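K.L.:
Please find upload-v7.txt (compact mmCIF, C-alpha atoms) on the next line:
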```txt
# COMPACT_ATOMS: atom_id res chain seq x y z
CA MET A 1 27.64 82.09 19.81
CA ASP A 2 27.16 80.07 16.64
CA SER A 3 26.20 81.95 13.58
CA ILE A 4 23.35 80.97 11.30
CA GLN A 5 25.88 79.50 8.90
CA ASP A 6 27.36 77.30 11.64
CA LYS A 7 23.92 75.98 12.63
CA ILE A 8 23.13 75.14 9.02
CA LYS A 9 26.40 73.17 8.75
CA GLN A 10 25.67 71.26 11.98
CA LEU A 11 22.17 70.41 10.78
CA GLY A 12 23.59 69.16 7.49
CA LYS A 13 26.08 66.89 9.29
CA ALA A 14 23.28 65.48 11.48
CA LEU A 15 21.10 64.68 8.47
CA ARG A 16 23.95 62.94 6.66
CA ARG A 17 24.41 60.61 9.65
CA GLN A 18 20.77 59.41 9.41
CA HIS A 19 19.94 56.32 7.30
CA VAL A 20 18.19 57.21 4.09
CA PRO A 21 16.75 54.19 2.21
CA ASP A 22 18.19 53.60 -1.22
CA SER A 23 14.88 52.70 -2.77
CA TYR A 24 11.19 52.93 -2.01
CA THR A 25 8.96 49.80 -1.99
CA ASP A 26 5.38 50.53 -2.93
CA TYR A 27 2.45 48.84 -1.15
CA LYS A 28 1.53 46.61 -4.10
CA SER A 29 5.04 45.13 -4.34
CA LEU A 30 5.23 44.68 -0.57
CA LYS A 31 1.88 42.88 -0.53
CA SER A 32 2.98 40.56 -3.35
CA GLU A 33 6.20 39.74 -1.47
CA TYR A 34 4.28 38.88 1.71
CA GLU A 35 1.77 36.75 -0.21
CA THR A 36 4.62 34.79 -1.81
CA LEU A 37 6.16 34.10 1.59
CA ALA A 38 2.77 33.14 3.05
CA ASN A 39 2.03 30.77 0.15
CA ARG A 40 5.43 29.17 0.59
CA ASP A 41 4.69 28.58 4.29
CA VAL A 42 1.28 27.12 3.43
CA ARG A 43 2.86 24.75 0.89
CA LEU A 44 5.40 23.58 3.47
CA ILE A 45 2.63 22.94 6.00
CA GLN A 46 0.62 21.06 3.35
CA GLN A 47 3.64 18.95 2.39
CA GLN A 48 4.34 18.10 6.03
CA GLY A 49 0.67 17.23 6.56
CA LYS A 50 0.61 15.02 3.47
CA LYS A 51 3.79 13.25 4.58
CA GLN A 52 2.27 12.52 7.98
CA ARG A 53 -0.97 11.25 6.42
CA ILE A 54 0.96 8.94 4.06
CA GLN A 55 3.04 7.58 6.93
CA ALA A 56 -0.15 6.91 8.90
CA ILE A 57 -1.75 5.06 5.96
CA GLN A 58 1.40 3.02 5.39
CA GLY A 59 1.56 2.16 9.08
CA ARG A 60 -1.98 0.75 9.05
CA SER A 61 -1.60 -1.06 5.72
CA ASP A 62 0.63 -3.91 6.97
CA LEU A 63 2.58 -3.78 3.68
CA ASN A 64 6.14 -4.98 3.24
CA SER A 65 8.26 -1.85 2.72
CA LYS A 66 10.40 -3.72 0.15
CA TRP A 67 7.45 -4.33 -2.16
CA THR A 68 8.16 -1.57 -4.66
CA PHE A 69 8.51 -1.44 -8.43
CA ALA A 70 12.15 -0.41 -7.98
CA ASN A 71 12.86 -3.72 -6.24
CA LEU A 72 10.92 -5.85 -8.72
CA ILE A 73 13.07 -7.57 -11.35
CA GLU A 74 11.30 -7.58 -14.73
CA ASP A 75 13.17 -10.49 -16.27
CA SER A 76 10.31 -12.46 -17.86
CA ASN A 77 7.27 -11.79 -20.02
CA ASP A 78 4.73 -12.59 -17.31
CA VAL A 79 6.25 -10.09 -14.87
CA ILE A 80 6.70 -7.42 -17.57
CA GLU A 81 3.04 -7.77 -18.56
CA ALA A 82 1.92 -7.74 -14.91
CA VAL A 83 3.83 -4.52 -14.22
CA SER A 84 2.37 -2.90 -17.33
CA ILE A 85 -1.19 -3.75 -16.23
CA ALA A 86 -0.41 -2.64 -12.68
CA LYS A 87 0.85 0.77 -13.81
CA SER A 88 -2.20 1.24 -16.05
CA PHE A 89 -4.39 0.47 -13.05
CA ILE A 90 -2.53 3.09 -10.99
CA ALA A 91 -2.73 5.70 -13.76
CA ALA A 92 -6.49 5.20 -14.07
CA HIS A 93 -6.86 6.65 -10.55
CA GLU A 94 -6.06 10.08 -11.99
CA ASP A 95 -9.59 10.07 -13.42
CA GLN A 96 -12.08 10.84 -10.65
CA ASN A 97 -14.96 9.62 -12.81
CA TRP A 98 -13.26 6.24 -13.22
CA ARG A 99 -12.78 5.99 -9.47
CA ARG A 100 -16.45 6.74 -8.84
CA SER A 101 -17.79 4.65 -11.71
CA GLY A 102 -17.65 1.26 -9.99
CA SER A 103 -15.59 -1.34 -8.18
CA HIS A 104 -12.45 -2.82 -9.68
CA MET A 105 -10.70 -6.09 -8.88
CA MET A 106 -7.33 -7.47 -9.90
CA ILE A 107 -6.83 -11.24 -9.65
CA PHE A 108 -3.17 -12.31 -9.49
CA TYR A 109 -2.89 -16.05 -9.98
CA GLY A 110 -0.13 -18.53 -10.72
CA ASP A 111 2.84 -20.32 -9.30
CA TYR A 112 4.57 -19.72 -5.99
CA GLY A 113 7.37 -17.17 -5.79
CA ARG A 114 6.68 -15.34 -9.04
CA GLY A 115 6.17 -11.89 -7.51
CA LYS A 116 2.39 -11.73 -7.12
CA SER A 117 2.44 -10.30 -3.60
CA HIS A 118 5.35 -8.02 -4.49
CA THR A 119 3.50 -6.56 -7.48
CA ALA A 120 0.33 -6.03 -5.44
CA GLY A 121 2.35 -4.32 -2.72
CA ALA A 122 4.05 -2.07 -5.28
CA ILE A 123 0.63 -1.00 -6.57
CA ALA A 124 -0.47 -0.24 -3.02
CA HIS A 125 2.61 1.84 -2.20
CA GLU A 126 2.16 3.91 -5.37
CA LEU A 127 -1.53 4.55 -4.65
CA ILE A 128 -0.74 5.64 -1.11
CA GLU A 129 2.05 7.99 -2.24
CA LYS A 130 0.17 9.54 -5.17
CA PHE A 131 -3.44 9.56 -4.04
CA GLU A 132 -3.39 8.90 -0.27
CA ILE A 133 -5.60 5.85 -0.85
CA SER A 134 -6.07 3.70 2.25
CA VAL A 135 -4.82 0.12 1.85
CA LEU A 136 -5.07 -3.04 3.92
CA TYR A 137 -3.00 -6.17 3.19
CA ARG A 138 -4.22 -9.39 4.81
CA GLN A 139 -3.80 -13.14 4.30
CA LEU A 140 -7.21 -14.71 3.93
CA SER A 141 -6.25 -17.77 5.97
CA SER A 142 -5.30 -15.58 8.97
CA ILE A 143 -8.63 -13.74 8.83
CA LEU A 144 -10.60 -16.99 8.65
CA GLU A 145 -8.69 -18.37 11.63
CA LEU A 146 -9.49 -15.25 13.64
CA ARG A 147 -13.10 -15.48 12.53
CA PHE A 148 -13.27 -19.11 13.67
CA PHE A 149 -11.89 -18.32 17.13
CA SER A 150 -14.21 -15.32 17.47
CA TYR A 151 -17.05 -17.80 18.05
CA ASP A 152 -15.42 -18.99 21.27
CA TYR A 153 -17.61 -17.03 23.69
CA ASN A 154 -15.61 -18.30 26.67
CA ALA A 155 -12.39 -16.77 25.37
CA LYS A 156 -10.73 -14.15 27.59
CA ASP A 157 -8.61 -12.40 24.96
CA ASP A 158 -11.39 -10.32 23.29
CA VAL A 159 -10.86 -12.16 19.99
CA GLY A 160 -14.50 -11.55 19.05
CA GLN A 161 -14.09 -7.78 19.41
CA LYS A 162 -10.81 -7.90 17.48
CA PHE A 163 -12.47 -9.73 14.60
CA ARG A 164 -15.36 -7.24 14.49
CA GLU A 165 -12.88 -4.38 14.29
CA ILE A 166 -10.89 -6.09 11.53
CA ASN A 167 -14.07 -6.95 9.65
CA GLN A 168 -15.07 -3.28 9.69
CA GLU A 169 -11.63 -2.32 8.38
CA LEU A 170 -12.04 -4.85 5.56
CA LEU A 171 -15.28 -3.12 4.59
CA ASP A 172 -14.07 0.49 4.88
CA VAL A 173 -10.58 0.48 3.35
CA ASP A 174 -10.24 1.84 -0.21
CA LEU A 175 -8.06 -1.01 -1.50
CA LEU A 176 -8.19 -4.46 0.09
CA ILE A 177 -5.43 -6.94 -0.79
CA LEU A 178 -6.30 -10.54 0.12
CA ASP A 179 -3.31 -12.85 -0.22
CA GLU A 180 -3.07 -16.64 -0.01
CA VAL A 181 -6.68 -17.03 -1.15
CA CYS A 182 -7.65 -20.70 -0.67
CA VAL A 183 -4.01 -21.66 -0.18
CA ASN A 184 -3.70 -25.44 0.33
CA GLU A 185 -7.48 -25.75 0.12
CA SER A 186 -9.50 -27.22 -2.72
CA ILE A 187 -12.69 -25.66 -1.37
CA LEU A 188 -13.60 -23.26 1.44
CA LYS A 189 -16.12 -24.23 4.07
CA LYS A 190 -19.66 -23.07 3.31
CA ASN A 191 -19.79 -20.51 6.11
CA ALA A 192 -16.43 -19.04 4.99
CA GLN A 193 -17.72 -18.84 1.41
CA SER A 194 -20.79 -16.94 2.61
CA TRP A 195 -18.78 -14.54 4.76
CA LEU A 196 -16.29 -13.74 1.99
CA GLY A 197 -19.06 -13.43 -0.60
CA ASN A 198 -20.92 -10.94 1.62
CA LEU A 199 -17.73 -8.97 2.25
CA LEU A 200 -17.04 -8.65 -1.48
CA ARG A 201 -20.66 -7.70 -2.23
CA GLN A 202 -20.65 -4.95 0.38
CA ARG A 203 -17.39 -3.56 -0.94
CA LEU A 204 -18.82 -3.72 -4.45
CA ALA A 205 -21.83 -1.67 -3.38
CA ASN A 206 -19.53 0.99 -1.88
CA ASN A 207 -17.22 1.22 -4.94
CA LYS A 208 -14.24 -0.26 -3.11
CA ASN A 209 -11.41 -1.99 -4.98
CA CYS A 210 -9.75 -5.37 -4.29
CA ILE A 211 -6.73 -7.43 -5.25
CA LEU A 212 -7.00 -11.20 -4.80
CA ILE A 213 -3.81 -13.28 -4.85
CA THR A 214 -3.99 -17.05 -5.30
CA ASN A 215 -1.93 -20.04 -6.38
CA HIS A 216 -4.97 -21.65 -8.01
CA ASN A 217 -5.81 -21.25 -11.67
CA LEU A 218 -9.12 -19.53 -12.38
CA ALA A 219 -11.15 -22.73 -12.74
CA GLU A 220 -9.78 -24.08 -9.45
CA LEU A 221 -10.39 -20.73 -7.77
CA GLU A 222 -14.05 -20.77 -8.81
CA THR A 223 -14.44 -24.23 -7.30
CA ALA A 224 -12.57 -23.30 -4.13
CA LEU A 225 -14.57 -20.13 -3.48
CA GLY A 226 -17.93 -21.60 -4.39
CA PRO A 227 -20.61 -20.17 -6.71
CA TYR A 228 -21.98 -17.52 -4.33
CA CYS A 229 -18.58 -16.00 -3.63
CA PHE A 230 -17.37 -16.26 -7.23
CA GLU A 231 -20.53 -14.58 -8.52
CA SER A 232 -19.59 -11.62 -6.30
CA ILE A 233 -16.25 -11.41 -8.08
CA LYS A 234 -17.91 -11.45 -11.50
CA GLU A 235 -19.77 -8.25 -10.60
CA TYR A 236 -16.51 -6.30 -10.41
CA ASP A 237 -14.60 -4.83 -13.32
CA THR A 238 -11.91 -7.51 -13.24
CA TYR A 239 -8.30 -7.57 -14.42
CA LYS A 240 -6.90 -11.10 -14.54
CA VAL A 241 -3.10 -11.32 -14.38
CA LYS A 242 -1.36 -14.69 -14.73
CA PHE A 243 2.11 -15.36 -13.30
CA SER A 244 4.02 -18.38 -14.59
CA GLY A 245 7.48 -19.87 -14.59
CA PRO A 246 9.76 -21.11 -11.80
CA SER A 247 9.92 -19.58 -8.35
CA ARG A 248 12.26 -16.63 -7.81
CA ARG A 249 12.93 -17.63 -4.22
CA LYS A 250 16.21 -19.11 -3.08
CA GLU A 251 16.49 -22.87 -3.20
CA ILE A 252 16.85 -24.71 0.09
CA VAL A 253 17.32 -28.18 -1.36
CA PRO A 254 20.32 -28.27 -3.77
CA THR A 255 19.62 -29.23 -7.35
CA GLN A 256 22.51 -31.74 -7.38
CA ALA A 257 22.96 -34.55 -4.88
CA GLU A 258 25.37 -33.73 -2.09
CA PRO A 259 28.55 -35.87 -2.02
CA GLN A 260 28.51 -38.72 0.48
CA ARG A 261 30.51 -38.34 3.65
CA ALA A 262 33.82 -40.19 3.75
CA GLN A 263 33.94 -43.13 6.11
CA SER A 264 36.30 -42.97 9.05
CA THR A 265 39.18 -45.41 9.27
CA THR A 266 37.51 -47.07 12.24
CA GLY A 267 34.39 -47.77 10.21
CA TYR A 268 32.25 -45.65 12.57
CA GLN A 269 29.54 -43.55 10.91
CA PRO A 270 28.71 -40.32 12.79
CA ASN A 271 24.94 -40.69 12.12
CA GLN A 272 24.91 -44.45 12.66
CA VAL A 273 22.38 -45.70 15.20
CA ARG A 274 23.90 -48.27 17.58
```
Let me see the file written as structure tokens.

P.N.:
Amino acid sequence: MDSIQDKIKQLGKALRRQHVPDSYTDYKSLKSEYETLANRDVRLIQQQGKKQRIQAIQGRSDLNSKWTFANLIEDSNDVIEAVSIAKSFIAAHEDQNWRRSGSHMMIFYGDYGRGKSHTAGAIAHELIEKFEISVLYRQLSSILELRFFSYDYNAKDDVGQKFREINQELLDVDLLILDEVCVNESILKKNAQSWLGNLLRQRLANNKNCILITNHNLAELETALGPYCFESIKEYDTYKVKFSGPSRRKEIVPTQAEPQRAQSTTGYQPNQVR
């Protein structure tokens, strides 16, 4: 039979085998730890949600993914000035009062291939990334063609419904970029002038912003759009940005004449018509 002393020793051994925590965590510290973990999870969910929203906006925008400031070569004064104005325009969106104060329009005009569309696209990408602003990029000529065919009531391809949907998008989107404005046209048809003028006036009333891109100078643009449409533009807070200089695009036709082909010894020319 174990003595009292033996039982005390056995109890002591049993207690030493049990886990005894090294330190005690009070409720306040534990609560703070859990809140930190919860806030981290919330931030991760918010970041994932924002990423998905940005991807959705970019998917609907129809923007070229290569149109970024990182890909834009600032090698001339006109492009350097355009980028400076563009970044000021983007920075202004930090001010909520500025965004609610009215409608703003940038007019990019000048020669072909100078980076007008690229700069506009870079602005759009930045606004989507930083402020989740909805953007729609469209060529005016394509919209007018669709509008023209929408009046074919015998058409079987629902072009009328498609145009109505696009027209609503043009009204609702936060930033509308219209490219190729009056390209190869000295003047728009009267009904096109009225439609575009009404579109711009409705966007103006709803504090929506626009970027117009054209190869005309400002005087030619006023003539091409007509007085009603151009008066709509004057109502906006406008930023006029001129692009000049030679095209940046690759040349197809060589600058120097190609050497003539050598004649064959038989006198036969390969392209000779017999």

K.L.:
Could you check the closest approach to A:Met105 for each of A:Phe89, A:Pro227, A:Asn77, A:Asp172 and tell me which residue wins, using all atoms listed in the file?

P.N.:
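Checking each candidate against A:Met105, we get A:Phe89 as the closest.
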
K.L.:
Given only C-alpha atoms as the basis, pick out the residue of A:Asp111, A:Glu165, A:Asp174, A:Asp95 nearest to A:Asp78.

P.N.:
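Closest residue, counting only C-alpha atoms: A:Asp111.
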
K.L.:
Could you give me, as a Markdown table, a per-residue list for stretch 36-80 of chain A showing, wherever an atom lies at most 10 Å from an atom of stretch 129-139 of chain A, the closest pair of atoms and their distance in Å to one decimal, using only C-alpha atoms and sorting by chain then residue number from low to high?

P.N.:
```
| residue | atom | partner | partner_atom | distance |
| --- | --- | --- | --- | --- |
| A:Lys50 | CA | A:Glu132 | CA | 8.2 |
| A:Lys51 | CA | A:Glu129 | CA | 8.8 |
| A:Arg53 | CA | A:Glu132 | CA | 7.5 |
| A:Ile54 | CA | A:Glu132 | CA | 6.1 |
| A:Gln55 | CA | A:Glu129 | CA | 9.2 |
| A:Ala56 | CA | A:Ser134 | CA | 9.5 |
| A:Ile57 | CA | A:Ser134 | CA | 5.9 |
| A:Gln58 | CA | A:Val135 | CA | 7.7 |
| A:Gly59 | CA | A:Val135 | CA | 9.9 |
| A:Arg60 | CA | A:Leu136 | CA | 7.1 |
| A:Ser61 | CA | A:Leu136 | CA | 4.4 |
| A:Asp62 | CA | A:Tyr137 | CA | 5.7 |
| A:Leu63 | CA | A:Tyr137 | CA | 6.1 |
| A:Asn64 | CA | A:Tyr137 | CA | 9.2 |
```

K.L.:
Compile the contact shell of stretch 179-190 of chain A as a list in words: residues with an atom at most 6 Å away, counting all atoms listed in the file, same-chain residues fewer than 4 positions apart removed.

P.N.:
Gln139, Leu140, Ile213, Thr214, Ala224 and Leu225 of chain A

K.L.:
Can you write just those residues out, C-alpha atoms, as a tab-separated table (two decimals), in the frame of the given file?

P.N.:
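The new file again-v5.tsv reads:
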```
chain	number	residue	atom	x	y	z
A	139	GLN	CA	-3.80	-13.14	4.30
A	140	LEU	CA	-7.21	-14.71	3.93
A	213	ILE	CA	-3.81	-13.28	-4.85
A	214	THR	CA	-3.99	-17.05	-5.30
A	224	ALA	CA	-12.57	-23.30	-4.13
A	225	LEU	CA	-14.57	-20.13	-3.48
```

K.L.:
For A:Arg201, which residue out of A:Ser103, A:Glu145, A:Leu178, A:Val159 is the nearest one, using only C-alpha atoms?

P.N.:
A:Ser103

K.L.:
Rank nothing, just name the residue among A:Gly226, A:Tyr112, A:Leu127, A:Glu169 nearest to A:Ala91, using all atoms listed in the file.

P.N.:
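Under the stated criterion, the closest residue is A:Leu127.
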
K.L.:
Smallest atom-to-atom distance to A:Leu72: which of A:Phe230, A:His118, A:Leu204, A:Glu33, using all atoms listed in the file?

P.N.:
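Once distances to A:Leu72 are computed over all atoms listed in the file, the minimum belongs to A:His118.
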
K.L.:
Produce the centre coordinates and the three edge lengths, each in Å to one decimal, of the box along x, y and z that contains all listed atoms of stretch 114-129 of chain A with 8 Å added on each side, as lines of an AutoDock Vina configuration file.

P.N.:
```
center_x = 2.6
center_y = -3.7
center_z = -5.1
size_x = 24.2
size_y = 39.3
size_z = 23.9
```

K.L.:
Considering only C-alpha atoms, can you say which of A:Gln48, A:Ser150, A:Asn215, A:Ser84 comes closest to A:Thr119?

P.N.:
A:Ser84

K.L.:
Report, in Å with one decimal, the straight-line distance from atom CA of A:Arg100 to atom CA of A:Ser194.

P.N.:
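Taking atom CA of A:Arg100 and atom CA of A:Ser194, their separation equals 26.7 Å.
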
K.L.:
I'd like the neighbourhood of A:Val79 as a short mmCIF file (atom, residue, chain, number, x, y, z; two decimals) with C-alpha atoms, keeping the file's coordinate frame, where a residue qualifies if any of its atoms comes within 12 Å (using only C-alpha atoms), though same-chain residues fewer than 4 positions away should be ignored.

P.N.:
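File produced: part-v3.cif:
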```cif
data_model
loop_
_atom_site.label_atom_id
_atom_site.label_comp_id
_atom_site.auth_asym_id
_atom_site.auth_seq_id
_atom_site.Cartn_x
_atom_site.Cartn_y
_atom_site.Cartn_z
CA PHE A 69 8.51 -1.44 -8.43
CA LEU A 72 10.92 -5.85 -8.72
CA ILE A 73 13.07 -7.57 -11.35
CA GLU A 74 11.30 -7.58 -14.73
CA ASP A 75 13.17 -10.49 -16.27
CA VAL A 83 3.83 -4.52 -14.22
CA SER A 84 2.37 -2.90 -17.33
CA ILE A 85 -1.19 -3.75 -16.23
CA ALA A 86 -0.41 -2.64 -12.68
CA PHE A 108 -3.17 -12.31 -9.49
CA TYR A 109 -2.89 -16.05 -9.98
CA GLY A 110 -0.13 -18.53 -10.72
CA GLY A 113 7.37 -17.17 -5.79
CA ARG A 114 6.68 -15.34 -9.04
CA GLY A 115 6.17 -11.89 -7.51
CA LYS A 116 2.39 -11.73 -7.12
CA SER A 117 2.44 -10.30 -3.60
CA HIS A 118 5.35 -8.02 -4.49
CA THR A 119 3.50 -6.56 -7.48
CA ALA A 120 0.33 -6.03 -5.44
CA VAL A 241 -3.10 -11.32 -14.38
CA LYS A 242 -1.36 -14.69 -14.73
CA PHE A 243 2.11 -15.36 -13.30
CA SER A 244 4.02 -18.38 -14.59
CA GLY A 245 7.48 -19.87 -14.59
CA PRO A 246 9.76 -21.11 -11.80
CA ARG A 248 12.26 -16.63 -7.81
#
```

K.L.:
Just the residues within 12 Å of A:Lys234, please, counting all atoms listed in the file, with nothing from its chain fewer than 3 positions along; format it as JSON, numbers by chain.

P.N.:
{"A": [103, 104, 105, 106, 107, 197, 200, 201, 204, 218, 222, 227, 228, 229, 230, 231, 237, 238, 239, 240]}

K.L.:
Write the residues you've just listed into a file as a JSON list (two decimals), in the coordinates of the input, and include C-alpha atoms for each of them.

P.N.:
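Output (again.json):
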```json
[["chain", "number", "residue", "atom", "x", "y", "z"],
["A", 103, "SER", "CA", -15.59, -1.34, -8.18],
["A", 104, "HIS", "CA", -12.45, -2.82, -9.68],
["A", 105, "MET", "CA", -10.70, -6.09, -8.88],
["A", 106, "MET", "CA", -7.33, -7.47, -9.90],
["A", 107, "ILE", "CA", -6.83, -11.24, -9.65],
["A", 197, "GLY", "CA", -19.06, -13.43, -0.60],
["A", 200, "LEU", "CA", -17.04, -8.65, -1.48],
["A", 201, "ARG", "CA", -20.66, -7.70, -2.23],
["A", 204, "LEU", "CA", -18.82, -3.72, -4.45],
["A", 218, "LEU", "CA", -9.12, -19.53, -12.38],
["A", 222, "GLU", "CA", -14.05, -20.77, -8.81],
["A", 227, "PRO", "CA", -20.61, -20.17, -6.71],
["A", 228, "TYR", "CA", -21.98, -17.52, -4.33],
["A", 229, "CYS", "CA", -18.58, -16.00, -3.63],
["A", 230, "PHE", "CA", -17.37, -16.26, -7.23],
["A", 231, "GLU", "CA", -20.53, -14.58, -8.52],
["A", 237, "ASP", "CA", -14.60, -4.83, -13.32],
["A", 238, "THR", "CA", -11.91, -7.51, -13.24],
["A", 239, "TYR", "CA", -8.30, -7.57, -14.42],
["A", 240, "LYS", "CA", -6.90, -11.10, -14.54]]
```

K.L.:
Kindly give the distance, in Å, that separates atom CA of A:Ser101 and atom CA of A:Asn207, rounded to a single decimal.

P.N.:
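Taking atom CA of A:Ser101 as the start and atom CA of A:Asn207 as the end point, the length is 7.6 Å.
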
K.L.:
Could you work out how far atom CA of A:Leu171 lies from atom CA of A:Asn198, giving the answer in Å with one decimal?

P.N.:
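Between these atoms lies a distance of 10.1 Å.
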
K.L.:
Dump as a ChimeraX atom specification all residues having an atom at most 12 Å from (-13.7, -18.5, 12.5), computed in the file's coordinates with all atoms listed in the file.

P.N.:
/A:140-153,159-160,163-164,167,189-193,195-196
